[in-house]
Amino acid sequence: MSSRDLVLMTAPLREDFTIPCHEIGPAGNPAVSFVSGLHGDEINGIYILARLADFLTAVAGGNYPKLRLAQRVLIIPAVNVLGTNTLRRAWPFDQSDQNRMFPGNRMGETTQRIAYSVLEATKKSAYRVDLHSSNLYFEELPQVRLYDPTPEERETAPLFGLPAIMERSVSPVFTTTLMYAWKYWPGQSFLLQVGQAGSIQLPHCQQVFRGLVSFLGRIGVLEGVEVAEADQEALYFTRECSVRIYADRAGMFVSDKSLGGWVSKGQELGYIYDSFNGTVRTRVIAPAAGLLTGIRRQPMLFEGDLLVRICTRTP
Amino acid sequence: MPESAIAISTSCILSLEMPYSEQLCIRRTAYRGGDGPRAAIVAGIHGDELEGLYVCQLLADWLEQLARENPAGLAGTVELYPAMNPLGLDTLTRAIPVFDTDLNRNFPGSPNGDLPKRIAHAAIENLSGAALVVDIHASNIYLREIPQVRINTDFADSLVPLARRLNLDLIWLHGAMTVLEATVAHSLNSVGTPCLVVEMGVGMRITPDYCRQVMSGILTLWKDQGVLTPDVELPPLDHLPLIADDSNVHYLNAPTSGLFVPVIEHWTDVRKGQLLGTIVSPLQGGILSEVRSPVDGILFTLREYPLVYEGSLMARVMARKGRLA
Ligand SMILES: [Zn+2]
Ligand SMILES: [Zn+2]
C-alpha cells in the first residue's frame with residue numbers, strides 16, 4: 001500500500017476522520033514532500049497532487065518502463081479534509097485557518113494536532129512544496145513563491161519551469177504558516193500559487209503538473225524524464241517588480257484579459273462599472289509594461305480592492 | 001444655560017463606497033467636556049462579539065445623564081467606537097465579510113489598501129494619542145470567559161497598574177506572540193497609546209452583570225486619568241483581579257470527541273481531580289471521557305458550545321498564585 005493515515009481522530013457524530021497521504025517509491029525518509037489543501041477550497045492543488053500521486057504510483061508500479069522513482073515522495077493532496085468536502089477554506093469545526101496553526105502541538109487544539117502531524121511527516125524532506133490557489137476572488141498565474149529564500153532555494157526555483165518566480169519577505173503574519181515552520185529545518189521550501197480557489201483552471205493545472213514532473217526529474221528523484229531545457233524561461237520578480245492596480249472606485253470590475261500575457265503601458269485592461277446605473281466609472285489602464293500575473297475575478301468591488309498585478313522586467 | 005456643557009456628536013471616521021449603491025461608515029460618538037485627557041472605547045472588532053456593544057450603551061447612558069446633571073464632571077473627551085466591523089455585525093460573521101479576514105490581524109493598516117487595511121488605519125489615526133483605549137472582546141461562541149484583561153508581557157510595566165483599576169477578576173499576562181503584533185492593542189501600545197484588551201462573556205450573547213462590572217472599572221480609570229473630575233460619583237469597585245500567566249494556567253483539551261456536559265458553574269474554586277464535566281456520546285449514550293481539574297485552582301474559562309472534537313478546549317483552570325493587593 002502506498003497510502004497511510006497521517007492523522008486519525010475521533011468525531012462526535014460521524015466516522016473517525018483521517019488525513020490520508022501517499023508515500024511512493026523506495027523506503028526511507030521522503031526526499032520530497034508535497035502538501036496541498038491546507039485551505040479546503042483551493043482545488044487546483046488538490047487536483048494536481050492527486051494526479052501526481054496517480055502518475056508516480058504508476059511509475060513505481062512499472063507502468064512507465066523508461067521512468068524510475070529513485071527516492072521516496074510524500075504527497076498530501078488535502079490537509080483540510082472536511083473543508084475540502086464542504087468547500088470551506090477554514091477548518092470547519094471551529095473556523096480556524098489551518099495554515100495559521102504551525103508548528104502545531106501534539107496535545108493542543110484539533111488544528112494544532114493536525115499541524116504537528118503534517119510538520120512531523122514533511123520536515124525532514126530535502127525539498128518541501130506547499131501548493132495554494134489565491135482565494136475565491138483573485139486568479140494567480142502559476143508561480144513559485146519564495147519567502148526570504150536561501151541561495152539554494154533561489155537556484156532551485158527555476159527547476160519548476162513555471163512562468164514566474166516571486167520573492168517576498170516574511171512578515172509577522174506568516175510566522176505560524178507551514179512555510180515558516182519548514183524554514184527551521186535543513187532543506188528547501190517552496191510555495192506554489194496556482195490560479196483561483198473554488199474551481200479548477202485546467203491549463204494552469206496542466207502547466208504545474210508538467211512543472212512538478214520536470215522538477216522531480218531535474219533534482220534526480222524521478223529518473224528518465226526528458227526535460228526540455230527551454231521549456232519555459234522563468235522570470236524572477238522581486239517585490240519591487242510588482243506593479244499593482246487598486247480600484248479607485250467601488251462598482252463592478254469586468255475584464256476580458258487572461259493571465260500570462262505581456263501588456264504594454266497604457267493598454268486597457270478592463271472597466272469598473274457603476275453597478276446600479278451601469279455607467280463606466282473607470283477605465284483600468286496598465287501603468288507599466290509587463291507580464292500580467294494576477295487579476296481579480298470576483299467583480300463586486302469595494303474602494304481600494306486589488307484589481308491587477310503586473311510584473312515588470314526591471315524594478 | 002449651564003456654565004459648561006457636554007457636546008455630543010456622532011460622526012463617521014471612515015466612509016467608503018460599497019460595490020452596490022451603499023456607503024460603509026465607521027461611526028463614533030464623542031462626548032466633549034473640558035480640555036482634559038481623551039479616552040476611547042473600542043468594540044465590535046469581531047462581528048460575533050456583542051458584550052462590548054452593551055458596555056458602550058451603558059457608558060453612553062451614563063454620559064447622557066452626566067450631561068444633564070453635572071456637565072462639568074467631564075473634564076476631558078470620551079469617544080465610543082461600538083462597531084469597528086459593521087459588516088461583520090450585520091452578517092453575524094466574526095471576520096470582515098467578503099474579505100474573510102480578521103480585522104484584528106490587519107493593524108496598523110494603511111490609508112490606501114483594501115477595506116480591512118483602511119478600517120485599521122482609520123482606527124489607529126483616531127485612537128493614537130488618547131490617554132487610554134479599552135478594546136472590549138467577548139471571547140467567541142465556544143468559550144465563556146470571566147471578565148479579564150490580557151496583557152502582552154512587553155507592555156506589562158505600564159499596563160498592569162491600569163488594569164488593576166478596571167474592576168475585573170483576572171489579569172492574564174501573555175508572552176510575546178508575534179502573530180498578535182497585528183492587533184489594535186499591540187499597534188497602539190507600540191506607539192505609546194495605552195490600550196487594554198478586555199475579554200469577557202461569550203460570543204453572540206451579552207452578560208449584563210459582566211458589562212456593568214466593566215463599566216464601573218472604566219469609569220474609575222477615567223477618573224484616575226482626569227477624564228472625569230474628582231467630584232463625580234461612581235459605582236463602587238467590587239472586584240479584585242487574580243493574576244495569571246503561562247506558569248499557572250492549565251488548559252483542558254478534549255481527549256476524545258463528543259458532547260461536553262459541564263457539571264460545574266463557571267468561575268468557581270475547584271480541587272485537583274474534581275469532576276468538571278463529562279464528554280458523552282449522542283450516538284451510543286454513555287460517558288466517553290471524564291474531565292477533571294489537573295490542579296487546585298479556579299475555573300475561569302468554560303466551554304459554552306457543547307460539541308467538542310479531539311483537542312477542542314473545554315476549560316482553563318488557574319492555579320492560585322495570589323491576589324494583587
Ligand atoms: Zn491557501
Ligand atoms: Zn474578539
# chains A, B, ... in the order shown; residues from 1 in each chain; ligands from 1

$ select_by_dssp --residues "stretch 54-270 of chain A" --states "helix (DSSP H, G or I)" --output "ChimeraX atom specification"
/A:54-60,81-85,98-100,110-122,151-160,172-174,178-182,202-218,229-231,239-241

$ residues_near_ligand --ligand "ligand 1" --cutoff "12 Å" --atoms "only C-alpha atoms and all ligand atoms" --output "number ranges by chain"
A: 35-46, 78-80, 88-90, 97-100, 130-136, 138, 140, 177-179, 191-198

$ write_last_selection --atoms "C-alpha atoms" --output "compact mmCIF listing (two decimals), in the first residue's frame"
# COMPACT_ATOMS: atom_id res chain seq x y z
CA VAL A 35 1.30 19.41 0.56
CA SER A 36 -1.93 20.99 -0.62
CA GLY A 37 -5.42 21.75 0.60
CA LEU A 38 -4.43 23.44 3.84
CA HIS A 39 -7.25 25.64 2.63
CA GLY A 40 -10.17 23.39 1.77
CA ASP A 41 -11.45 25.47 -1.15
CA GLU A 42 -8.18 25.52 -3.09
CA ILE A 43 -8.99 22.81 -5.58
CA ASN A 44 -6.20 23.26 -8.14
CA GLY A 45 -3.51 21.97 -5.77
CA ILE A 46 -5.65 19.04 -4.67
CA ALA A 78 -5.67 17.82 1.10
CA VAL A 79 -4.83 18.54 4.71
CA ASN A 80 -8.19 20.18 5.44
CA ARG A 88 -14.69 25.74 3.01
CA ARG A 89 -11.40 27.49 3.24
CA ALA A 90 -11.15 27.21 7.03
CA ASP A 97 -7.16 28.75 9.38
CA GLN A 98 -5.17 25.53 9.24
CA ASN A 99 -2.23 27.46 7.80
CA ARG A 100 -2.05 29.64 10.93
CA ASP A 130 3.14 23.67 -0.46
CA LEU A 131 0.55 24.39 -3.16
CA HIS A 132 -2.04 27.16 -2.81
CA SER A 133 -4.58 28.93 -5.03
CA SER A 134 -5.07 32.55 -4.11
CA ASN A 135 -8.70 32.84 -2.94
CA LEU A 136 -12.21 32.86 -4.43
CA PHE A 138 -8.31 36.52 -7.44
CA GLU A 140 -2.77 33.96 -9.91
CA THR A 177 2.38 29.07 8.48
CA LEU A 178 3.71 25.74 7.27
CA MET A 179 6.23 27.54 5.06
CA LEU A 191 5.17 27.68 -2.13
CA LEU A 192 3.38 27.40 -5.45
CA GLN A 193 0.48 29.73 -6.19
CA VAL A 194 -1.86 28.31 -8.81
CA GLY A 195 -4.92 30.09 -10.13
CA GLN A 196 -8.02 30.81 -8.14
CA ALA A 197 -9.80 28.97 -5.32
CA GLY A 198 -13.19 27.29 -5.74

$ residues_around --residues "B:Ile218" --least-positions-apart "6" --cutoff "9 Å" --atoms "only C-alpha atoms" --output "compact mmCIF listing (two decimals) with all heavy atoms, in the first residue's frame"
# COMPACT_ATOMS: atom_id res chain seq x y z
N LEU B 59 -22.26 53.05 28.93
CA LEU B 59 -21.44 54.27 29.10
C LEU B 59 -22.14 55.47 28.46
O LEU B 59 -22.12 56.57 29.02
CB LEU B 59 -20.05 54.06 28.48
CG LEU B 59 -19.14 53.10 29.25
CD1 LEU B 59 -17.93 52.73 28.40
CD2 LEU B 59 -18.69 53.71 30.58
N VAL B 134 -9.68 51.28 25.68
CA VAL B 134 -10.07 49.95 26.13
C VAL B 134 -10.77 49.25 24.96
O VAL B 134 -11.74 49.76 24.41
CB VAL B 134 -11.00 50.00 27.36
CG1 VAL B 134 -11.40 48.60 27.80
CG2 VAL B 134 -10.32 50.74 28.52
N ARG B 165 -7.14 48.62 38.09
CA ARG B 165 -8.25 49.52 38.46
C ARG B 165 -9.50 49.26 37.62
O ARG B 165 -10.46 50.00 37.70
CB ARG B 165 -7.80 50.97 38.27
CG ARG B 165 -6.57 51.34 39.08
CD ARG B 165 -6.93 51.63 40.51
NE ARG B 165 -7.69 52.88 40.62
CZ ARG B 165 -8.44 53.20 41.69
NH1 ARG B 165 -8.53 52.35 42.71
NH2 ARG B 165 -9.09 54.33 41.72
N LEU B 166 -9.47 48.23 36.80
CA LEU B 166 -10.57 48.03 35.84
C LEU B 166 -11.71 47.17 36.38
O LEU B 166 -12.63 46.81 35.66
CB LEU B 166 -9.99 47.43 34.55
CG LEU B 166 -10.70 47.66 33.22
CD1 LEU B 166 -11.14 49.10 33.03
CD2 LEU B 166 -9.82 47.23 32.05
N ASN B 167 -11.65 46.81 37.66
CA ASN B 167 -12.75 46.08 38.31
C ASN B 167 -12.97 44.69 37.70
O ASN B 167 -14.09 44.21 37.64
CB ASN B 167 -14.04 46.89 38.24
CG ASN B 167 -15.04 46.49 39.33
OD1 ASN B 167 -14.63 46.14 40.45
ND2 ASN B 167 -16.32 46.51 39.01

$ closest_residue --among "A:Ile272, A:Ala58, A:Ala50, A:Cys205" --to "chain B" --atoms "only C-alpha atoms"
A:Ile272

$ residues_near_ligand --ligand "ligand 2" --cutoff "6 Å" --atoms "only C-alpha atoms and all ligand atoms" --output "list in words"
His46, His137, Ala138 and Ser139 of chain B

$ closest_atom_pairs --of "chain A" --to "chain B" --cutoff "6 Å" --atoms "only C-alpha atoms" --output "tab-separated table"
residue	atom	partner	partner_atom	distance
A:Thr10	CA	B:Ser257	CA	5.6
A:Ala11	CA	B:Ser257	CA	5.0
A:Pro12	CA	B:Gly258	CA	4.1
A:Gly108	CA	B:Gly311	CA	5.6
A:Glu109	CA	B:Gly311	CA	4.2
A:Thr110	CA	B:Gly311	CA	4.4
A:Pro172	CA	B:Val179	CA	5.9
A:Val173	CA	B:Val179	CA	5.7
A:Ala250	CA	B:Pro19	CA	5.0
A:Gly251	CA	B:Pro19	CA	4.5
A:Ser275	CA	B:Tyr20	CA	5.5
A:Met300	CA	B:Pro19	CA	5.3
A:Leu301	CA	B:Pro19	CA	4.9
A:Phe302	CA	B:Met18	CA	5.0
A:Glu303	CA	B:Glu17	CA	5.8
A:Gly304	CA	B:Asp114	CA	4.7
A:Asp305	CA	B:Asp114	CA	4.9

$ select_by_dssp --residues "stretch 13-194 of chain B" --states "strand (DSSP E or B)" --output "NGL selection string"
:B and (13-17 or 23-32 or 38-43 or 74 or 77-81 or 96 or 101 or 132-137 or 143-152 or 170-174)

$ atom_distance --atom1 "atom CA of B:Val149" --atom2 "atom CA of B:Ile171"
5.0 Å

$ atom_distance --atom1 "atom CA of A:Thr156" --atom2 "atom CA of A:Leu292"
23.5 Å

$ atom_distance --atom1 "atom CA of A:Leu67" --atom2 "atom CA of A:Glu155"
25.0 Å

$ residues_around --residues "B:Cys25" --least-positions-apart "6" --cutoff "8 Å" --atoms "only C-alpha atoms" --output "PyMOL selection string"
chain B and resi 12-16

$ write_last_selection --atoms "N, CA, C and O atoms" --output "compact mmCIF listing (two decimals), in the first residue's frame"
# COMPACT_ATOMS: atom_id res chain seq x y z
N CYS B 12 -18.75 59.91 11.22
CA CYS B 12 -18.06 58.81 10.53
C CYS B 12 -16.56 59.06 10.58
O CYS B 12 -16.12 60.14 10.19
N ILE B 13 -15.79 58.08 11.03
CA ILE B 13 -14.33 58.25 10.95
C ILE B 13 -13.80 57.71 9.63
O ILE B 13 -12.68 57.99 9.24
N LEU B 14 -14.62 56.90 8.97
CA LEU B 14 -14.23 56.40 7.65
C LEU B 14 -15.51 56.16 6.86
O LEU B 14 -16.45 55.57 7.36
N SER B 15 -15.52 56.65 5.64
CA SER B 15 -16.67 56.44 4.79
C SER B 15 -16.16 55.90 3.46
O SER B 15 -15.21 56.44 2.89
N LEU B 16 -16.78 54.84 2.99
CA LEU B 16 -16.22 54.13 1.85
C LEU B 16 -17.36 53.61 0.97
O LEU B 16 -18.36 53.11 1.48

$ residues_around --residues "A:Arg154" --least-positions-apart "2" --cutoff "10 Å" --atoms "only C-alpha atoms" --output "MDAnalysis selection string"
chainID A and resid 146 148:152 156:159 165 167 188 190 236

$ residues_around --residues "A:Ala27" --least-positions-apart "4" --cutoff "10 Å" --atoms "only C-alpha atoms" --output "list in words"
Glu23, Gln71, Arg72 and Val73 of chain A
